Each structure stands twice: as structure tokens, then as C-alpha cells.
Protein chains: 2
Amino acid sequence: MLFNHTAEYAFRAMAILAGEYDAGERVRAKELAQLAAIPEHYISKVMRHLVVAGLVEALRGHGGGFRLARPPSAITFMEVLDASDWSSEDRRCAFGFGACNPKNPCSLHNTWSQLHGCVNQWARQTTLAEVRSLEHLHAELASQAAPKD
Amino acid sequence: MLFNHTAEYAFRAMAILAGEYDAGERVRAKELAQLAAIPEHYISKVMRHLVVAGLVEALRGHGGGFRLARPPSAITFMEVLDASDWSSEDRRCAFGFGACNPKNPCSLHNTWSQLHGCVNQWARQTTLAEVRSLEHLHAELASQAAPKD
DNA sequence: CCATCAACAGACATCGGTGTCCGTTGTTTT
DNA sequence: AAAACAACGGACACCGATGTCTGTTGATGG
């Protein structure tokens with residue numbers, strides 16, 4: 001529910017790439033699949049969407065791999081969703097009885113709008129900069145044994 | 001995305017039943033299927049879940065049909081989700097890299113929590129009382145155009 | 001008691017998302 | 001130029017959610 005597997009994979013892959021962005025390193029598909037827990041033979045399709053959408057740069061051949069096309073702070077979760085899956089179909093009033101639009105709302109339209117607005121706002125405002133790489137997280141936990149929260 | 005078909009059907013069916021609640025009328029499956037735009041032969045399964053969960057009362061035989069087991073204001077959307085689909089699987093950190101829990105959060109955990117909290121709050125606070133039946137809506141629109149009664 | 005109604009229950013078919021496989025294309029190294 | 005590398009691209013298999021069909025059970029009316 002909420003997101004399908006493909007979108008989830010995309011988020012995880014982007015999170016890894018965001019962690020590597022400062023180092024400027026490219027990450028190969030096989031490596032990325034392991035780090036992000038994505039089926040090794042499926043990641044190809046996931047990444048393709050992200051590359052076509054212009055969120056990720058791909059380079060073939062020796063030394064090739066994937067890299068964010070922009071700084072993490074310039075990539076919103078909405079863009080990742082758009083790239084991977086969220087078709088316009090998914091944005092319609094999920095409760096719509098047949099034809100449902102703001103001018104002729106169905107009986108669930110208002111309720112739906114509240115939820116949809118909430119999710120939309122989250123997706124638009126959250127960027128990959130919010131993500132902390134596993135490396136950073138582990139390093140932090142290791143260096144300071146006291147949690148903050 | 002967000003919700004699957006079964007959950008959507010459940011919401012629509014409950015919306016119809018909520019509109020009929022005051023009248024005390026039972027609605028037959030075939031009728032309900034047409035009103036809520038649910039495949040006629042599939043509605044049986046959808047309703048079964050809602051009946052088992054105790055949200056809907058079913059009566060067989062002549063004059064039978066479905067009816068809300070409680071007033072619309074006493075049924076939250078979360079209950080409908082629980083009844084139809086939302087397994088505990090769906091509540092885990094959707095971005096989780098393998099084992100992910102509050103004590104050992106993944107790099108996407110915080111971000112996920114924000115969205116999850118938002119959706120949870122919506123589902124818990126919204127009840128079927130928020131729903132306006134098509135009848136009421138149509139009646140209102142009609143009365144605005146040509147008031148009578 | 002019988003006929004009718006309508007929910008119940010499960011077997012089966014279908015479809016789309018997911019996952020696998022393999023050959024192709026483009027890049028780098030030797 | 002050849003070989004190694006790694007993303008690209010499509011064909012195909014798989015599986016669970018969805019949808020269909022048919023018979024059964026329980027309730028009501030005559």
C-alpha cells in the first residue's frame with residue numbers, strides 16, 4: 001500500500017546515490033542492487049526510469065555506473081515518484097464514483113482531497129537531502145554513543 | 001498507489017451504506033455494486049471482509065442486504081483499511097533496508113515516519129460521517145436550484 | 001412445506017506488476 | 001584492434017491481486 005515495489009526500490013537507490021554524491025563516485029548496478037536490496041536483475045528497469053527522467057546520470061563501460069544528475073537537495077521525492085510510477089491515474093480521486101471532479105465532487109471527494117494534499121505536500125517538500133547515508137549514520141552512532149533525537 | 005482496488009471498493013461501499021444509515025434501509029449486494037461501481041461478482045469478497053470485521057451487518061434471504069453495524073460517526077477510515085487490506089506488512093518502514101526499526105533506523109526512516117504519521121492521523125480521525133451521500137448532495141444541489149419542501 | 005431471495009463460500013480464470021534472462025550497444029583499457 | 005566492462009533493451013516467466021462463475025446455506029413469504 002502507499003507505494004509499490006518499484007517506487008520503493010527507486011527511493012532506496014536514490015538514497016544510496018545521495019550518500020555517494022559528495023564523493024563524486026559512480027555506483028554500478030550490481031553494487032547498487034546489493035546496497036539497496038533490489039533484485040539484481042530488476043534494478044536495470046528501475047534505474048532506466050530515473051535516467052530518462054533526468055534525475056540520474058548513467059555512464060557505460062569501464063568505470064561506469066550511476067550518479068545523481070543534481071545535488072540531493074535539488075531532487076524532491078515527488079520527482080522520484082513521477083519518474084518511477086505515479087501515473088496521472090493515481091492522482092485522480094481514489095474514491096471517485098465514475099466521473100468525479102472539483103465541480104461535481106463525489107461524496108468522498110473532500111475526504112480524499114485532505115489525504116491527497118497531505119501526501120502531495122510531503123512529496124514536494126521532501127528532498128534527498130533529508131536522507132542520511134548509512135555510512136554517515138553508522139559513523140555518527142559509532143563516534144557518539146549517546147543518541148540525540 | 002496509496003490504496004489498492006479492494007480498499008477503494010470498500011470505501012465506496014461504506015460511503016453508500018453511510019448515506020442509507022439514517023433511513024435504516026438494507027442495501028443488496030447487486031444494488032450496492034452498481035451504486036459504488038464495484039464489479040458485481042467481486043463485491044461479495046469486499047463485503048465479507050467488512051462483515052467479519054464487524055463494521056457491516058449482513059442479512060440473508062428475503063429483504064436481506066447490508067447495513068452499517070454502527071453509526072457512520074463511529075467508523076473510522078482506519079477501520080475500513082484494516083478490514084479490507086492494510087496488513088502489518090504495509091506499515092513497516094516502506095523504505096526499510098532490511099531490518100529497520102526506531103532503534104536502528106535506516107537512512108530513510110525519518111522521512112518515512114513523517115509521511116506515515118500524516119496518513120495514519122488522517123485515517124484515524126476521518127469517519128464515515130465526513131461522507132456526504134450522493135442523495136444528500138443531489139438533494140442539496142436541487143434545492144439550491146429550485147427550493148421546495 | 002415449498003419457492004424465492006440473497007448472502008456465503010470456494011474453485012477457477014485473468015491480468016498487470018514483478019522478477020529473470022540474454023543478447024546488444026557504447027566506453028574504457030590494454 | 002581486441003578484450004573487458006557496464007548500461008541498455010526487450011522477450012519471457014511468475015505470482016498475487018483482481019475478477020468470474022457456480023453451487024450452498026440461511027431467511028422470508030405464501
# chains A, B, ... in the order shown; residues from 1 in each chain; ligands from 1

$ closest_atom_pairs --of "chain A" --to "chain C" --cutoff "10 Å" --atoms "only C-alpha atoms (C1' of nucleotides)" --output "Markdown table"
| residue | atom | partner | partner_atom | distance |
| --- | --- | --- | --- | --- |
| A:Asn4 | CA | C:DG17 | C1' | 8.7 |
| A:His5 | CA | C:DT18 | C1' | 8.1 |
| A:Thr6 | CA | C:DT18 | C1' | 8.4 |
| A:Pro39 | CA | C:DG19 | C1' | 7.5 |
| A:Glu40 | CA | C:DG19 | C1' | 9.3 |
| A:His41 | CA | C:DT20 | C1' | 6.5 |
| A:Tyr42 | CA | C:DG19 | C1' | 6.3 |
| A:Ile43 | CA | C:DG19 | C1' | 9.9 |
| A:Leu59 | CA | C:DT27 | C1' | 8.1 |
| A:Arg60 | CA | C:DT27 | C1' | 5.8 |
| A:Gly61 | CA | C:DT27 | C1' | 4.3 |
| A:His62 | CA | C:DT28 | C1' | 4.9 |
| A:Gly63 | CA | C:DT28 | C1' | 7.5 |
| A:Gly64 | CA | C:DT27 | C1' | 8.2 |

$ calpha_fit_rmsd --fixed "chain A" --moving "chain B"
2.8 Å

$ atom_distance --atom1 "atom CA of B:Phe77" --atom2 "atom CA of B:Arg12"
11.2 Å

$ interface_residues --of "chain A" --to "chain D" --cutoff "12 Å" --atoms "only C-alpha atoms (C1' of nucleotides)" --output "JSON, numbers by chain"
{"A": [26, 27, 28, 29, 30, 31, 43, 44, 45, 47, 48, 49, 51, 52, 57, 58, 59, 60, 61, 62, 63, 64, 65, 66]}

$ select_by_dssp --residues "chain B" --states "strand (DSSP E)" --output "MDAnalysis selection string"
chainID B and resid 56:59 65:68

$ write_last_selection --atoms "N, CA and C atoms" --output "compact mmCIF listing (two decimals), in the first residue's frame"
# COMPACT_ATOMS: atom_id res chain seq x y z
N VAL B 56 -19.99 -4.04 9.26
CA VAL B 56 -21.23 -4.14 8.49
C VAL B 56 -22.03 -5.34 8.96
N GLU B 57 -23.36 -5.18 8.97
CA GLU B 57 -24.26 -6.27 9.30
C GLU B 57 -24.84 -6.83 8.02
N ALA B 58 -24.82 -8.13 7.90
CA ALA B 58 -25.41 -8.75 6.71
C ALA B 58 -26.62 -9.57 7.11
N LEU B 59 -27.62 -9.57 6.23
CA LEU B 59 -28.80 -10.40 6.47
C LEU B 59 -29.17 -11.12 5.19
N GLY B 65 -29.74 -7.94 2.99
CA GLY B 65 -28.81 -6.98 2.42
C GLY B 65 -27.81 -6.53 3.46
N PHE B 66 -27.13 -5.44 3.16
CA PHE B 66 -26.08 -4.93 4.06
C PHE B 66 -26.49 -3.62 4.72
N ARG B 67 -25.94 -3.40 5.90
CA ARG B 67 -26.22 -2.19 6.65
C ARG B 67 -25.04 -1.95 7.59
N LEU B 68 -24.72 -0.70 7.87
CA LEU B 68 -23.64 -0.40 8.81
C LEU B 68 -23.99 -0.96 10.18

$ closest_residue --among "B:Ala18, B:Ala37, B:Ala69, B:Ile75" --to "chain A" --atoms "only C-alpha atoms"
B:Ala37

$ closest_atom_pairs --of "chain B" --to "chain A" --cutoff "7 Å" --atoms "only C-alpha atoms" --output "Markdown table"
| residue | atom | partner | partner_atom | distance |
| --- | --- | --- | --- | --- |
| B:Met1 | CA | A:Leu2 | CA | 5.4 |
| B:Leu2 | CA | A:Leu2 | CA | 3.4 |
| B:Phe3 | CA | A:Met1 | CA | 5.5 |
| B:Asn4 | CA | A:Met1 | CA | 6.7 |
| B:Glu8 | CA | A:Phe95 | CA | 5.9 |
| B:Phe11 | CA | A:Phe95 | CA | 6.9 |
| B:Arg12 | CA | A:Phe95 | CA | 6.3 |
| B:Ala36 | CA | A:Phe97 | CA | 6.4 |
| B:Ala37 | CA | A:Phe97 | CA | 6.5 |
| B:Asp90 | CA | A:Met1 | CA | 5.8 |
| B:Ala94 | CA | A:Glu8 | CA | 6.7 |
| B:Phe95 | CA | A:Glu8 | CA | 5.9 |
| B:Phe97 | CA | A:Ala36 | CA | 6.5 |
| B:Cys106 | CA | A:Leu134 | CA | 6.9 |
| B:Ser107 | CA | A:Arg132 | CA | 4.8 |
| B:Leu108 | CA | A:Val131 | CA | 5.6 |
| B:Thr111 | CA | A:Glu130 | CA | 7.0 |
| B:Leu115 | CA | A:Trp122 | CA | 6.5 |
| B:Cys118 | CA | A:Cys118 | CA | 6.8 |
| B:Val119 | CA | A:Leu115 | CA | 6.8 |
| B:Trp122 | CA | A:Leu115 | CA | 6.5 |
| B:Glu130 | CA | A:Thr111 | CA | 6.9 |
| B:Val131 | CA | A:Ser107 | CA | 5.6 |
| B:Arg132 | CA | A:Ser107 | CA | 4.7 |
| B:Ser133 | CA | A:Ser107 | CA | 5.5 |
| B:Leu134 | CA | A:Ser107 | CA | 5.9 |

$ select_by_dssp --residues "stretch 3-133 of chain A" --states "alpha helix (DSSP H)" --output "ChimeraX atom specification"
/A:5-20,29-36,43-52,77-84,109-125
